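Working notes, structure below.
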Amino acid sequence: MERNWKLGDDMVVSDNLLDGITFDDLILTVHCNCPKITEQAVKKELKEILAIRMQDMEFLLENNIDKIIDMASKNRE
């Protein structure tokens with residue numbers, strides 16, 4: 001079954017909008033992707049991981065913006 005990535009369907013409000021990045025994530029990515037491991041290469045890989053996470057976050061936000069607005073607006077009147 002394919003996910004919808006929607007609040008109230010296959011996501012709950014305690015799910016992350018932005019997934020964390022562990023040292024292990026970075027180390028494994030550098031190990032696998034960098035022929036020469038340098039300070040510059042590590043920083044580049046971290047920026048690429050972060051860019052991917054940000055794209056995912058933006059998708060989740062856009063996919064759920066109406067529900068977020070609705071839930072945040074409850075009991076305000």
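Letters for chains follow the order of the structure tokens (A, B, ...), residue numbers begin at 1 for each chain, and ligand numbers begin at 1 in the order shown.
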Just the residues within 12 Å of Lys44 (chain A), please, counting only C-alpha atoms, with nothing from its chain fewer than 3 positions along; format it as a PyMOL selection string. chain A and resi 26+29-30+33-34+37-41+47-51
With only C-alpha atoms as the counted atoms, please give the residues lying no more than 9 Å from region 64-67 of chain A, apart from itself and same-chain residues fewer than 4 positions off, as a CSV table (one decimal) with N, CA and C atoms, in the first residue's frame.
chain,number,residue,atom,x,y,z
A,5,TRP,N,1.0,10.3,2.9
A,5,TRP,CA,1.7,11.4,3.6
A,5,TRP,C,0.8,12.5,4.1
A,6,LYS,N,-0.4,12.1,4.6
A,6,LYS,CA,-1.4,13.0,5.0
A,6,LYS,C,-1.7,12.9,6.5
A,7,LEU,N,-1.8,14.0,7.2
A,7,LEU,CA,-2.2,14.0,8.6
A,7,LEU,C,-3.6,13.4,8.7
A,8,GLY,N,-3.8,12.6,9.7
A,8,GLY,CA,-5.1,12.0,9.9
A,8,GLY,C,-5.3,10.7,9.1
A,59,PHE,N,7.8,19.2,1.0
A,59,PHE,CA,6.7,18.4,0.5
A,59,PHE,C,5.6,18.1,1.5
A,60,LEU,N,6.1,17.7,2.7
A,60,LEU,CA,5.1,17.3,3.8
A,60,LEU,C,4.3,18.6,4.2
A,71,MET,N,-6.2,22.6,11.9
A,71,MET,CA,-5.9,22.2,13.3
A,71,MET,C,-5.4,23.4,14.2
A,72,ALA,N,-4.6,24.2,13.6
A,72,ALA,CA,-4.1,25.4,14.4
A,72,ALA,C,-5.1,26.4,14.7
Q: Pull the alpha helix (DSSP H) assignments for region 13-55 of chain A out of DSSP run on the backbone, and list those residues as a ChimeraX atom specification.
A: /A:23-33,39-55
Problem - Within 9 Å of Asp19 (chain A) using only C-alpha atoms, minus same-chain residues under 4 positions, as a list of chain:residue names - result: A:Arg53, A:Met54, A:Asp56, A:Met57
